[in-house]
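S.K.: Once you've had a glance at the structure underneath, I'll fire off some questions.
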Amino acid sequence: MTIALSNDRQDIVDALEAIDRRLLWLASWTVHNANHIRPKRDGLKVGGHQASCASMTAIMAALYFYALGPNDKVAVKPHAGPVLHAIHYLLGNQSLDHLQRFRGLGGVQSYPSRTKDRIPVDFSTGSVGLGVAITAFSSLVQDYLVAHGQVREEDAGRMIALMGDAELDEGNIYECLIEGYKHDLRNCWWIVDYNRQSLDATTADRMFRRFDDIFETCGWRVLTLKYGKLQRAAFQRPGGKSLQEWIDNCPNAEFAALTYQGGAAWRQRLVDDIGSKPHVAKLLDSFDDQGLAALMTNLGGHCIETLMDAFDSATDDRPTLFIAYTVKGYGTPLAGHKDNHSGMMNNAQMDMFRSSMGIAEGEEWEPWAGQGDNVAAQLKAFIARSRFVSKPPEPTAGAVPVPAIPVPEGADQSTQAAFGRILLDLAKSGEQLADRIVTTAPDVTQTTNLGAFVNQRGIFRRQELADVFQKAKIPSAQKWAQHAAGQHIELGIAENNFFLLLASLGLAAPHFGTRLIPVGTVYDPFVSRGLDALNYGCYQDSRFLLVGTPSGMTLAAEGGAHQSINTPLIGMGQPNLAYFDPAFADELALMMRWAFEHMQRPDGSSVYLRLSTRSIQQVEREDDAWQADALQGGYWLRKPAAGAEAAIVFSGVVAPEALAAWEQLADDIPGIGLLNVTSPDLLHRGWSARCAARWSGGASQPCHAEKLLSALAPGAGLITVLDGSPSALSWLGGVLGMRVSPLGTDRFGQTGDLPDLYRTYRLDADAIVEAAAELFLRNSDGN
C-alpha cells in the first residue's frame, strides 16, 4: 500500500483507513496485554472494552485526523479510552510504559481523566452520560466568553461528545437538551456510536427514529450514517432495493447474531428471506462468504468516506447529532456477540487477529507494525499534517486579584442574607473580581439571595430580551435585564444541569485561557440530586463556589422534604471540595475571600458553603486573632480554662443554642470551652493527614483539631451539636481520646417552628445541657 501525501480525497481515505486499523489493533492489544500477558498478583480480571473500542476506531480516526480543528474539544466515550491513548501513542504523546500499565498503578486510566492521565484530555469521562452533557455547557461557556470579549468569535471551537447509544438512556442528557434549546446552543457535535448494544443486551428496535424526533424538536440537525459506501453501491444494483429493505427491517438482535456467525449465516438467512425476489440471488452470488459479511457490516460508522462526508456537511454552528451505525466489536472475533461488552479475545483469538493485521509476533507495540518502513513514514507525515496536531497546550490563566471583603452591617443577620449583600457590594464595585464572577442557580435565584447581584449585573443572553413587566411599569423587585453582558446564567429546575454548568465554568481557565469565578446557589437538601455531576466536576478539578442554602432542620416550615441532614458528610467526603459551615457574617466574609483565592491556586479546589436563612445575633470581636484558626477549621469562641473538663462543640446556625447552653453550664463546669467548628471538613482532613504521617514517613506535626482540643484536660468530655448529621462532629472524640455526647439530626424532619423542632430533635440549649449532664453522669458511673 502507498499513502500519497496530497489533498486528493482518495489519498486521505486510504490514510485514514490505515490509521483506523492501527487504532483497532493498538486498543485491542493494550487491553489484551493487561489481562492475558501482564502478571496478575491478585488474580482478578483487569478489564477493558475491546468491543466498545472496535466500534469507534473509524469514527475517531476520521474525527481526529480529518475533521478536528485546533480549538475543538472532545469528550471521548469512556469505554473507548484505549483508542484515545492509541491516537496519542501514534502522535508520540503517550509512552509505551504507560500503555503497558493500562489500568495499573501509574499507568493509563480505565477512562479518560484530565487529572490522572498524562496525555491531553479535554473532559474526564467515566460517569456515563455526563461526558456528553458537559460539552453543551462548555459551548455555552464559550458563548459567554465570546460575548464578554474574552474569546474571539473566529477562535470558537466545537465541543464534541463521542457516546455509545446506550448513553442515550441517561436522563441528564435530555435535561441538558432542554436547557440547550433555551440558550440557543451552538458549536456542539454529539456523535453516537450506534452499535445497538448495551452492557446487558441489544437495544430496543422501537427507538429507531425516536432520537431523531427528540433532537430535531430541540433544534438540532440530525445526520444518520446508516449505510457505508459498499452497501450504497450494492443497493444501486439489481436486487439491491430488496436487500436494503431487508436490512432496514432486520431486528437489532438478529443483525448482531448474524454478524457474529459470519458470511455463511448471512447467505443462508438472506436466501431464505429474500432469495426468491428478482435479482437478489444473482446479487448475493457476486460475493463470496467473506465479501458478503463485509458488505452486510459495511455500516456508516465504519466507512471513512461516509464519515468524512457527514463531517463536511456540518460546517455551520448548528448543534448536530450524528447517528453513526456500527457493529460492536467490528473487525474482531467478538463482533456482534451479545456478551461482548465486557468480553475480550482469548490468546488463540488474539493470535488470529494479529495474523489478520499482518503483525509479526514481538512487534505488537510497534506504532506502525505491519505497514513497512515506507508506508509507516508516509502515515507519520500524514498525521503530522492534521489540524488536530496543531492544537496548542492548555493555556494558563493569571490569578484575578481578590479585594478585601467588608463584613455586612447588622446586629442580627443570617448567613444567606450576608452572602447576598457581599455579592451585591462586589457587583457595585469596580473590582476585576466582580467582572469575572458568573452566578447560576437552578430556578432558585431569588430565594438563595442572588437577586441583588443579578439586578446589578444582568442575565446572560446572546440576544437581548426586554423585561415586559418593566416596560409595562409593573412594580417588581426583579430588574433582571437579559443581554450579552449579563453575568448570571439562569437554569431550569435540574440540579444535574446546574453542577455540569458549574463544572464547565470552572474549567474556563484551562479550556479557554481566561479565568471565571463561578458562584452557584442551590437549596442545600438538593445538593444530593446532582451529586453525581458534582463529583464529576470535582474529579476533573474544576473550580467553583457552591452555596447550599437554606439548610438543615432550621428550614422549619418547609418540612422534611426540604431539610438537609447529610450534606455536612457530603462536604467532608467529597474530594477536591473544601466545605465550610459559617455561623456569623464576619466568618462568611472571611471564608468567601479565602474561597475566591483558593479556587485560583494550583493546589486549590472548589469550595462549598452551607448557609442558613435564620437570622441570629452577631458576636462582638475583640480582635482578628480568631480568623487564622477559623480558616483552618475551628476556633474557640469561648476559650476553656487550662485543664477544663468539658467543651461544647458546634457548627453553623445552632450558635445561639450553643452559647445559651455554655452560659448555663459555666457555673457547673468551671472553665468549660465553646468551640466553633467552621469546617468539619478541614479539621478532619488535617487529622487524617496527621494519622497518615505516622506510617508514610512524613513529618508528624500536630493537626489543628489536636491543637484546639489539647487545651482541655485529658479525657475531657465533648458535647457536639450541629443542624445536620451528628457524625460530622462526633469523630472529634477520637483525636485525643475524649468522651463524646453527639447531638444532631439523623432522621427526617417535619414542619413546625424553630422552638418546636429544635426541642423535638434535641438541638436546643436544654438538650445540650442535658447531654452534658448525661456525659458526666456516665463518667461518674465508670461507663
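Starting from 1 in every chain, residues are counted up; chains themselves are A, B, ... following the order of the C-alpha cells, and ligands are numbered from 1 as listed.
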Could you pull out the helix (DSSP H, G or I) residues of segment 301-453 of chain A from DSSP and send them as number ranges by chain?

M.R.: A: 301-302, 304-312, 347-356, 373-385, 387-390, 415-428, 432-436, 451-453

S.K.: If we count only C-alpha atoms, what is near Gly724 of chain A at a cut-off of 12 Å, once residues fewer than 5 positions away on the same chain are taken out, given as a ChimeraX atom specification?

M.R.: /A:524-525,551-555,563-571,581,610,650-654,680,729-730,742-749,758,761-763

S.K.: Print the selection's residues with N, CA and C atoms to a file, as an mmCIF file, in the first residue's frame.

M.R.:
data_model
loop_
_atom_site.group_PDB
_atom_site.id
_atom_site.type_symbol
_atom_site.label_atom_id
_atom_site.label_comp_id
_atom_site.auth_asym_id
_atom_site.auth_seq_id
_atom_site.Cartn_x
_atom_site.Cartn_y
_atom_site.Cartn_z
ATOM 1 N N ASP A 524 -29.905 23.605 49.802
ATOM 2 C CA ASP A 524 -28.933 22.650 50.339
ATOM 3 C C ASP A 524 -29.406 21.202 50.292
ATOM 4 N N PRO A 525 -30.680 20.901 50.591
ATOM 5 C CA PRO A 525 -31.082 19.487 50.515
ATOM 6 C C PRO A 525 -30.982 18.909 49.115
ATOM 7 N N SER A 551 -30.425 25.584 54.665
ATOM 8 C CA SER A 551 -30.014 24.236 55.016
ATOM 9 C C SER A 551 -30.648 23.774 56.322
ATOM 10 N N GLY A 552 -30.681 22.464 56.488
ATOM 11 C CA GLY A 552 -30.957 21.841 57.762
ATOM 12 C C GLY A 552 -32.390 21.898 58.257
ATOM 13 N N MET A 553 -32.570 21.401 59.463
ATOM 14 C CA MET A 553 -33.850 21.427 60.149
ATOM 15 C C MET A 553 -34.332 22.850 60.355
ATOM 16 N N THR A 554 -33.390 23.789 60.309
ATOM 17 C CA THR A 554 -33.719 25.196 60.519
ATOM 18 C C THR A 554 -34.675 25.725 59.452
ATOM 19 N N LEU A 555 -34.741 25.075 58.314
ATOM 20 C CA LEU A 555 -35.738 25.420 57.297
ATOM 21 C C LEU A 555 -37.072 24.829 57.760
ATOM 22 N N GLN A 563 -35.429 19.697 54.231
ATOM 23 C CA GLN A 563 -34.494 19.842 55.337
ATOM 24 C C GLN A 563 -33.307 18.900 55.123
ATOM 25 N N SER A 564 -32.117 19.465 54.956
ATOM 26 C CA SER A 564 -30.936 18.643 54.658
ATOM 27 C C SER A 564 -30.371 18.051 55.946
ATOM 28 N N ILE A 565 -29.980 16.813 55.853
ATOM 29 C CA ILE A 565 -29.444 16.085 57.004
ATOM 30 C C ILE A 565 -27.973 15.738 56.798
ATOM 31 N N ASN A 566 -27.675 15.113 55.649
ATOM 32 C CA ASN A 566 -26.340 14.525 55.472
ATOM 33 C C ASN A 566 -25.404 15.376 54.628
ATOM 34 N N THR A 567 -25.795 16.600 54.275
ATOM 35 C CA THR A 567 -24.890 17.405 53.440
ATOM 36 C C THR A 567 -23.557 17.734 54.122
ATOM 37 N N PRO A 568 -23.495 17.879 55.469
ATOM 38 C CA PRO A 568 -22.162 18.032 56.062
ATOM 39 C C PRO A 568 -21.235 16.856 55.760
ATOM 40 N N LEU A 569 -21.802 15.635 55.728
ATOM 41 C CA LEU A 569 -20.985 14.462 55.409
ATOM 42 C C LEU A 569 -20.569 14.470 53.945
ATOM 43 N N ILE A 570 -21.457 14.989 53.063
ATOM 44 C CA ILE A 570 -21.082 15.130 51.649
ATOM 45 C C ILE A 570 -19.916 16.095 51.533
ATOM 46 N N GLY A 571 -20.009 17.228 52.236
ATOM 47 C CA GLY A 571 -18.920 18.207 52.184
ATOM 48 C C GLY A 571 -17.615 17.652 52.703
ATOM 49 N N ASP A 581 -19.060 25.741 57.199
ATOM 50 C CA ASP A 581 -20.397 25.945 57.761
ATOM 51 C C ASP A 581 -20.336 27.165 58.680
ATOM 52 N N ARG A 610 -22.245 26.102 53.401
ATOM 53 C CA ARG A 610 -23.580 25.673 53.847
ATOM 54 C C ARG A 610 -24.175 26.800 54.684
ATOM 55 N N PHE A 650 -19.754 23.169 68.360
ATOM 56 C CA PHE A 650 -20.891 23.379 67.464
ATOM 57 C C PHE A 650 -20.412 23.814 66.093
ATOM 58 N N SER A 651 -21.321 23.687 65.130
ATOM 59 C CA SER A 651 -21.091 24.203 63.779
ATOM 60 C C SER A 651 -22.328 24.955 63.328
ATOM 61 N N GLY A 652 -22.103 26.121 62.720
ATOM 62 C CA GLY A 652 -23.141 26.801 61.977
ATOM 63 C C GLY A 652 -24.242 27.431 62.792
ATOM 64 N N VAL A 653 -25.475 27.259 62.299
ATOM 65 C CA VAL A 653 -26.617 28.055 62.710
ATOM 66 C C VAL A 653 -27.079 27.813 64.141
ATOM 67 N N VAL A 654 -26.642 26.742 64.789
ATOM 68 C CA VAL A 654 -27.041 26.480 66.176
ATOM 69 C C VAL A 654 -26.175 27.252 67.166
ATOM 70 N N PRO A 680 -15.899 21.278 59.522
ATOM 71 C CA PRO A 680 -15.612 19.888 59.897
ATOM 72 C C PRO A 680 -14.711 19.204 58.875
ATOM 73 N N LEU A 729 -19.381 15.789 63.530
ATOM 74 C CA LEU A 729 -18.552 16.311 64.623
ATOM 75 C C LEU A 729 -18.156 15.253 65.654
ATOM 76 N N SER A 730 -18.898 14.172 65.750
ATOM 77 C CA SER A 730 -18.655 13.214 66.835
ATOM 78 C C SER A 730 -17.283 12.558 66.741
ATOM 79 N N PRO A 742 -22.979 13.207 71.214
ATOM 80 C CA PRO A 742 -23.265 13.892 69.942
ATOM 81 C C PRO A 742 -24.741 14.247 69.787
ATOM 82 N N LEU A 743 -25.001 15.469 69.363
ATOM 83 C CA LEU A 743 -26.339 15.927 69.021
ATOM 84 C C LEU A 743 -26.365 16.346 67.559
ATOM 85 N N GLY A 744 -27.515 16.132 66.931
ATOM 86 C CA GLY A 744 -27.671 16.495 65.519
ATOM 87 C C GLY A 744 -28.929 15.845 64.992
ATOM 88 N N THR A 745 -29.079 15.860 63.706
ATOM 89 C CA THR A 745 -30.273 15.267 63.089
ATOM 90 C C THR A 745 -29.865 14.072 62.243
ATOM 91 N N ASP A 746 -30.476 12.917 62.554
ATOM 92 C CA ASP A 746 -30.197 11.712 61.786
ATOM 93 C C ASP A 746 -31.480 11.040 61.337
ATOM 94 N N ARG A 747 -32.587 11.773 61.322
ATOM 95 C CA ARG A 747 -33.858 11.256 60.829
ATOM 96 C C ARG A 747 -34.595 12.379 60.115
ATOM 97 N N PHE A 748 -35.562 12.015 59.303
ATOM 98 C CA PHE A 748 -36.285 13.018 58.541
ATOM 99 C C PHE A 748 -37.036 13.969 59.465
ATOM 100 N N GLY A 749 -37.028 15.232 59.080
ATOM 101 C CA GLY A 749 -37.707 16.247 59.859
ATOM 102 C C GLY A 749 -39.188 16.325 59.523
ATOM 103 N N TYR A 758 -36.421 22.332 67.243
ATOM 104 C CA TYR A 758 -35.164 22.208 67.973
ATOM 105 C C TYR A 758 -35.365 21.390 69.254
ATOM 106 N N TYR A 761 -36.039 17.572 68.132
ATOM 107 C CA TYR A 761 -34.877 16.880 67.550
ATOM 108 C C TYR A 761 -33.583 17.128 68.351
ATOM 109 N N ARG A 762 -33.741 17.647 69.576
ATOM 110 C CA ARG A 762 -32.630 17.827 70.514
ATOM 111 C C ARG A 762 -31.517 18.689 69.930
ATOM 112 N N LEU A 763 -31.910 19.889 69.514
ATOM 113 C CA LEU A 763 -30.936 20.869 69.051
ATOM 114 C C LEU A 763 -30.963 22.138 69.903
#

S.K.: As a ChimeraX atom specification, please: the residues near Leu609 of chain A (cut-off 12 Å, only C-alpha atoms, same-chain neighbours under 6 positions excluded).

M.R.: /A:415-416,419,519-524,527,544-551,567-568,570-572,577-583,587-592,594-595,652,678-681

S.K.: Using only C-alpha atoms, find each residue of segment 463-516 of chain A with at least one atom at most 9 Å away from an atom of segment 171-184 of chain A; report its shortest atom-to-atom pair and that distance in Å (one decimal), sort the rows by chain and rising residue number, and return the result as a tab-separated table.

M.R.:
residue	atom	partner	partner_atom	distance
A:Leu491	CA	A:Glu179	CA	7.1
A:Gly492	CA	A:Glu179	CA	7.2
A:Ala494	CA	A:Glu175	CA	6.9
A:Asn496	CA	A:Asn172	CA	6.5
A:Asn497	CA	A:Cys176	CA	6.2

S.K.: Skip segment 257-270 of chain A itself and residues of its chain fewer than 4 positions away, then list as a PDB file with C-alpha atoms, in the first residue's frame all residues within 8 Å of it, counting only C-alpha atoms.

M.R.:
ATOM      1  CA  ALA A 253     -30.648  -8.716  17.973  1.00  0.00           C
ATOM      2  CA  ILE A 274     -35.492 -12.682   0.054  1.00  0.00           C
ATOM      3  CA  GLY A 275     -33.714 -15.122  -2.267  1.00  0.00           C
ATOM      4  CA  LEU A 284     -25.678 -12.468  -3.392  1.00  0.00           C
ATOM      5  CA  ASP A 288     -18.047 -14.879  -1.531  1.00  0.00           C
ATOM      6  CA  ASP A 289     -18.819 -15.504   2.143  1.00  0.00           C
ATOM      7  CA  GLN A 290     -16.093 -13.162   3.362  1.00  0.00           C
ATOM      8  CA  GLY A 291     -17.178 -10.448   0.962  1.00  0.00           C
ATOM      9  CA  LEU A 292     -20.831 -10.861   1.892  1.00  0.00           C
ATOM     10  CA  ALA A 293     -20.012 -10.493   5.597  1.00  0.00           C
ATOM     11  CA  MET A 296     -23.526  -6.592   5.450  1.00  0.00           C
ATOM     12  CA  THR A 297     -21.433  -4.934   8.161  1.00  0.00           C
ATOM     13  CA  PRO A 333     -13.752 -12.143  16.576  1.00  0.00           C
ATOM     14  CA  LEU A 334     -16.111 -10.541  19.119  1.00  0.00           C
ATOM     15  CA  ALA A 335     -18.183  -8.701  16.527  1.00  0.00           C
ATOM     16  CA  GLY A 336     -21.903  -8.924  17.206  1.00  0.00           C
ATOM     17  CA  HIS A 337     -21.858 -11.311  20.177  1.00  0.00           C
ATOM     18  CA  LYS A 338     -24.331 -10.188  22.824  1.00  0.00           C
TER      19      LYS A 338
END
